[in-house]
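Below is one structure, written out as C-alpha cells, with a few remarks after it.
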Amino acid sequence: MREVPTNVGRALKNALYAIQSANYDHLWGVFGDTEWTNKDRLPDALLKDLLEHFSQLSLRPSRIESDILGDAYEYLIKNFADTTKKKAGEFYTPRSVVRLMVAMLDPQEGETVYDPACGTGGMLLAVIDYIKRKEGDPRSLFGKLYGQEKNITTAATAKMNLLLHGIEDFTIEQGDTLRDPKFTDAGTGKLATFDLVIANPPFSLERWSRRG
C-alpha cells in the first residue's frame, strides 16, 4: 500500500486556485471557502482515493459528450436537494416545474434571459435545453444568460453547473436581488431590462423578504 502524501489537500487547493485564476470571469472565488486543507473534514486518504479514482477515467472533451459532466453534477444537486427536504427550495426547483415555466415563456434564439433568484442555475440551463429541442442554436444565448443569487455557495454552484454543461459565456452575480440588484443600465442608472425573466422566488427560505 502506497504511503499517503501529507500535502494532498494543499496541492489540491493550489490546483483549484490556478483553475479559478485562469478562468477569472466565471470561476473566481468559487473554490475559495472550501476547506481542502481541513484534515478533519477532508482527510488526505479520502482526497487521494478520490483523485486516483477520477484519474482512471478519460474525461477529455473528445471522449465524452459535452453534457455528461453537467448532467452528473445536476444529478448530485438533485439528490442533495432531496435529502434536505424543505430547505431544497432555496436552491433547487423540480425539473418538471422548470420545464413548464420555460415552455410557457417560449424563449427564442438570441434573446436575453435573466433569473433574479437563480439558485444553482437550473432555469437558465432549461432555456438552453428548450432551444436545443426546437433545433435552434444554443450558442445564440451565450453572453445573454444572467442570474443573481443571494447565497454565496449556491451562486458558486450555479457557475459550476453552467460551465459543466458547456455554457461558455454567462454572468452570475452574488447578492441580494431586492436590496442590491447587480444588473443595471449604465445609460439610465435604472434596473437593466431583459427579453425574458424567469424565477422561482425562494419561498422556503427562512425570513424571506425580511431584513436581518
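Residue numbering restarts at 1 in every chain; chains get A, B, ... in the order shown in the C-alpha cells, and ligands count up from 1 in that same order.
All residues in region 113-179 of chain A with a DSSP state of strand (DSSP E), computed from the backbone, read Val113, Tyr114, Asp115, Leu145, Tyr146, Gly147, Gln148, Glu149, Thr171, Ile172, Glu173 and Gln174 of chain A.
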Check: What lies within 9 Å of Phe194 (chain A) using only C-alpha atoms, ignoring chain neighbours under 2 positions off, as number ranges by chain?
Finding: A: 111-114, 192, 196-197
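Among the candidate residues A:Tyr146, A:Tyr75, A:Phe54, A:Phe183, the one lying nearest to Met123 (chain A) is A:Tyr146, with distances computed using only C-alpha atoms.
Nearest to Gln148 (chain A) of all the residues A:Val127, A:Glu173, A:Leu162, A:Ile167 is A:Glu173, counting only C-alpha atoms.
Our summary of the geometry notes that CA of Thr177 (chain A) is positioned 10.2 Å from CA of Cys118 (chain A).
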Check: Quick one: residues within 12 Å of Arg95 (chain A), only C-alpha atoms counted, chain neighbours fewer than 5 positions away excluded, as a ChimeraX atom specification?
Finding: /A:74-75,77-78,100-102,121-127,129,200
Quick one: write out the picked residues with N, CA and C atoms as a PDB file, in the first residue's frame?
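out-v4.pdb, written as the output of this step:
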ATOM      1  N   GLU A  74     -25.627  17.946 -11.964  1.00  0.00           N
ATOM      2  CA  GLU A  74     -27.008  18.283 -11.614  1.00  0.00           C
ATOM      3  C   GLU A  74     -27.693  17.120 -10.892  1.00  0.00           C
ATOM      4  N   TYR A  75     -27.315  15.892 -11.244  1.00  0.00           N
ATOM      5  CA  TYR A  75     -27.847  14.720 -10.537  1.00  0.00           C
ATOM      6  C   TYR A  75     -27.479  14.787  -9.057  1.00  0.00           C
ATOM      7  N   ILE A  77     -26.770  17.510  -7.378  1.00  0.00           N
ATOM      8  CA  ILE A  77     -27.518  18.625  -6.787  1.00  0.00           C
ATOM      9  C   ILE A  77     -28.928  18.179  -6.413  1.00  0.00           C
ATOM     10  N   LYS A  78     -29.585  17.454  -7.341  1.00  0.00           N
ATOM     11  CA  LYS A  78     -30.948  16.990  -7.087  1.00  0.00           C
ATOM     12  C   LYS A  78     -30.999  16.062  -5.871  1.00  0.00           C
ATOM     13  N   LEU A 100     -42.038  23.378 -17.455  1.00  0.00           N
ATOM     14  CA  LEU A 100     -43.338  24.006 -17.716  1.00  0.00           C
ATOM     15  C   LEU A 100     -43.191  25.517 -17.820  1.00  0.00           C
ATOM     16  N   MET A 101     -42.442  26.118 -16.910  1.00  0.00           N
ATOM     17  CA  MET A 101     -42.256  27.575 -16.923  1.00  0.00           C
ATOM     18  C   MET A 101     -41.546  28.024 -18.193  1.00  0.00           C
ATOM     19  N   VAL A 102     -40.531  27.274 -18.601  1.00  0.00           N
ATOM     20  CA  VAL A 102     -39.790  27.630 -19.816  1.00  0.00           C
ATOM     21  C   VAL A 102     -40.681  27.505 -21.038  1.00  0.00           C
ATOM     22  N   GLY A 121     -28.790  27.516 -11.045  1.00  0.00           N
ATOM     23  CA  GLY A 121     -28.754  27.800 -12.478  1.00  0.00           C
ATOM     24  C   GLY A 121     -29.613  26.899 -13.340  1.00  0.00           C
ATOM     25  N   GLY A 122     -30.469  26.096 -12.721  1.00  0.00           N
ATOM     26  CA  GLY A 122     -31.265  25.136 -13.469  1.00  0.00           C
ATOM     27  C   GLY A 122     -32.204  25.750 -14.496  1.00  0.00           C
ATOM     28  N   MET A 123     -32.787  26.895 -14.183  1.00  0.00           N
ATOM     29  CA  MET A 123     -33.730  27.508 -15.127  1.00  0.00           C
ATOM     30  C   MET A 123     -33.011  28.049 -16.355  1.00  0.00           C
ATOM     31  N   LEU A 124     -31.833  28.596 -16.173  1.00  0.00           N
ATOM     32  CA  LEU A 124     -31.061  29.077 -17.317  1.00  0.00           C
ATOM     33  C   LEU A 124     -30.654  27.903 -18.206  1.00  0.00           C
ATOM     34  N   LEU A 125     -30.305  26.779 -17.591  1.00  0.00           N
ATOM     35  CA  LEU A 125     -29.969  25.585 -18.369  1.00  0.00           C
ATOM     36  C   LEU A 125     -31.187  25.047 -19.110  1.00  0.00           C
ATOM     37  N   ALA A 126     -32.349  25.151 -18.483  1.00  0.00           N
ATOM     38  CA  ALA A 126     -33.573  24.670 -19.122  1.00  0.00           C
ATOM     39  C   ALA A 126     -33.905  25.492 -20.362  1.00  0.00           C
ATOM     40  N   VAL A 127     -33.581  26.772 -20.329  1.00  0.00           N
ATOM     41  CA  VAL A 127     -33.793  27.617 -21.510  1.00  0.00           C
ATOM     42  C   VAL A 127     -32.897  27.145 -22.655  1.00  0.00           C
ATOM     43  N   ASP A 129     -31.727  24.131 -23.043  1.00  0.00           N
ATOM     44  CA  ASP A 129     -32.251  22.835 -23.478  1.00  0.00           C
ATOM     45  C   ASP A 129     -33.480  23.005 -24.367  1.00  0.00           C
ATOM     46  N   ASN A 200     -38.140  31.396  -9.672  1.00  0.00           N
ATOM     47  CA  ASN A 200     -38.934  30.764  -8.627  1.00  0.00           C
ATOM     48  C   ASN A 200     -38.432  31.358  -7.318  1.00  0.00           C
TER      49      ASN A 200
END
Note to self: Can you tell me which residues surround Gln174 (chain A) at a distance of at most 8 Å, considering only C-alpha atoms, apart from same-chain residues fewer than 5 positions away, and format the answer as a VMD selection string?
What the structure shows: chain A and resid 148 to 152 155
Next item on the list: Name the residues of region 102-168 of chain A that come out as helix (DSSP H, G or I) in a backbone DSSP run; write them as a VMD selection string.
Entry: chain A and resid 102 to 105 122 to 133 138 to 141 152 to 164
Okay, now the selection with N, CA, C and O atoms, as a compact mmCIF listing (two decimals), in the first residue's frame?
# COMPACT_ATOMS: atom_id res chain seq x y z
N VAL A 102 -40.53 27.27 -18.60
CA VAL A 102 -39.79 27.63 -19.82
C VAL A 102 -40.68 27.51 -21.04
O VAL A 102 -40.68 28.37 -21.93
N ALA A 103 -41.48 26.44 -21.10
CA ALA A 103 -42.38 26.24 -22.24
C ALA A 103 -43.39 27.38 -22.35
O ALA A 103 -43.74 27.82 -23.45
N MET A 104 -43.85 27.88 -21.21
CA MET A 104 -44.80 28.99 -21.21
C MET A 104 -44.15 30.27 -21.75
O MET A 104 -44.80 31.07 -22.43
N LEU A 105 -42.88 30.46 -21.45
CA LEU A 105 -42.17 31.65 -21.92
C LEU A 105 -41.77 31.54 -23.39
O LEU A 105 -41.63 32.55 -24.08
N GLY A 122 -30.47 26.10 -12.72
CA GLY A 122 -31.27 25.14 -13.47
C GLY A 122 -32.20 25.75 -14.50
O GLY A 122 -32.41 25.19 -15.58
N MET A 123 -32.79 26.90 -14.18
CA MET A 123 -33.73 27.51 -15.13
C MET A 123 -33.01 28.05 -16.36
O MET A 123 -33.53 27.96 -17.48
N LEU A 124 -31.83 28.60 -16.17
CA LEU A 124 -31.06 29.08 -17.32
C LEU A 124 -30.65 27.90 -18.21
O LEU A 124 -30.69 28.00 -19.44
N LEU A 125 -30.30 26.78 -17.59
CA LEU A 125 -29.97 25.59 -18.37
C LEU A 125 -31.19 25.05 -19.11
O LEU A 125 -31.08 24.55 -20.23
N ALA A 126 -32.35 25.15 -18.48
CA ALA A 126 -33.57 24.67 -19.12
C ALA A 126 -33.91 25.49 -20.36
O ALA A 126 -34.46 24.96 -21.33
N VAL A 127 -33.58 26.77 -20.33
CA VAL A 127 -33.79 27.62 -21.51
C VAL A 127 -32.90 27.14 -22.65
O VAL A 127 -33.35 27.04 -23.81
N ILE A 128 -31.65 26.85 -22.35
CA ILE A 128 -30.73 26.32 -23.36
C ILE A 128 -31.26 25.01 -23.93
O ILE A 128 -31.26 24.78 -25.15
N ASP A 129 -31.73 24.13 -23.04
CA ASP A 129 -32.25 22.83 -23.48
C ASP A 129 -33.48 23.01 -24.37
O ASP A 129 -33.67 22.27 -25.34
N TYR A 130 -34.31 23.97 -24.04
CA TYR A 130 -35.52 24.24 -24.84
C TYR A 130 -35.14 24.66 -26.26
O TYR A 130 -35.75 24.19 -27.24
N ILE A 131 -34.14 25.51 -26.37
CA ILE A 131 -33.67 25.95 -27.69
C ILE A 131 -33.13 24.75 -28.48
O ILE A 131 -33.40 24.61 -29.68
N LYS A 132 -32.39 23.89 -27.80
CA LYS A 132 -31.85 22.70 -28.46
C LYS A 132 -32.97 21.81 -28.98
O LYS A 132 -32.91 21.31 -30.12
N ARG A 133 -34.00 21.58 -28.15
CA ARG A 133 -35.09 20.69 -28.53
C ARG A 133 -35.89 21.25 -29.71
O ARG A 133 -36.52 20.50 -30.45
N PRO A 138 -28.12 26.89 -29.51
CA PRO A 138 -27.99 27.35 -28.12
C PRO A 138 -26.88 28.38 -27.94
O PRO A 138 -26.92 29.19 -27.01
N ARG A 139 -25.91 28.38 -28.85
CA ARG A 139 -24.82 29.35 -28.74
C ARG A 139 -25.31 30.78 -28.96
O ARG A 139 -24.62 31.74 -28.59
N SER A 140 -26.50 30.93 -29.53
CA SER A 140 -27.05 32.27 -29.73
C SER A 140 -27.39 32.93 -28.40
O SER A 140 -27.62 34.15 -28.35
N LEU A 141 -27.45 32.12 -27.31
CA LEU A 141 -27.73 32.66 -25.98
C LEU A 141 -26.47 32.87 -25.16
O LEU A 141 -26.54 33.40 -24.05
N ILE A 152 -23.90 32.68 -1.28
CA ILE A 152 -22.62 32.68 -1.96
C ILE A 152 -22.23 31.29 -2.45
O ILE A 152 -21.69 31.12 -3.55
N THR A 153 -22.54 30.25 -1.67
CA THR A 153 -22.20 28.89 -2.07
C THR A 153 -23.07 28.44 -3.23
O THR A 153 -22.59 27.80 -4.18
N THR A 154 -24.36 28.79 -3.19
CA THR A 154 -25.26 28.42 -4.27
C THR A 154 -24.89 29.15 -5.56
O THR A 154 -24.97 28.57 -6.66
N ALA A 155 -24.49 30.41 -5.46
CA ALA A 155 -24.05 31.16 -6.64
C ALA A 155 -22.84 30.49 -7.28
O ALA A 155 -22.74 30.39 -8.51
N ALA A 156 -21.91 30.03 -6.45
CA ALA A 156 -20.74 29.32 -6.96
C ALA A 156 -21.15 28.03 -7.65
O ALA A 156 -20.61 27.65 -8.70
N THR A 157 -22.13 27.33 -7.06
CA THR A 157 -22.63 26.09 -7.66
C THR A 157 -23.26 26.36 -9.02
O THR A 157 -23.09 25.57 -9.96
N ALA A 158 -23.98 27.47 -9.14
CA ALA A 158 -24.60 27.83 -10.43
C ALA A 158 -23.53 28.02 -11.50
O ALA A 158 -23.69 27.57 -12.64
N LYS A 159 -22.45 28.69 -11.16
CA LYS A 159 -21.38 28.90 -12.13
C LYS A 159 -20.80 27.57 -12.59
O LYS A 159 -20.58 27.34 -13.79
N MET A 160 -20.54 26.67 -11.64
CA MET A 160 -20.00 25.37 -12.00
C MET A 160 -21.00 24.58 -12.85
O MET A 160 -20.62 23.91 -13.82
N ASN A 161 -22.27 24.67 -12.50
CA ASN A 161 -23.31 23.94 -13.23
C ASN A 161 -23.37 24.38 -14.68
O ASN A 161 -23.43 23.55 -15.61
N LEU A 162 -23.33 25.68 -14.92
CA LEU A 162 -23.38 26.19 -16.29
C LEU A 162 -22.13 25.81 -17.08
O LEU A 162 -22.20 25.37 -18.23
N LEU A 163 -20.96 25.95 -16.45
CA LEU A 163 -19.72 25.61 -17.13
C LEU A 163 -19.66 24.13 -17.49
O LEU A 163 -19.24 23.75 -18.58
N LEU A 164 -20.08 23.27 -16.57
CA LEU A 164 -20.03 21.83 -16.81
C LEU A 164 -21.05 21.39 -17.85
O LEU A 164 -20.94 20.28 -18.38
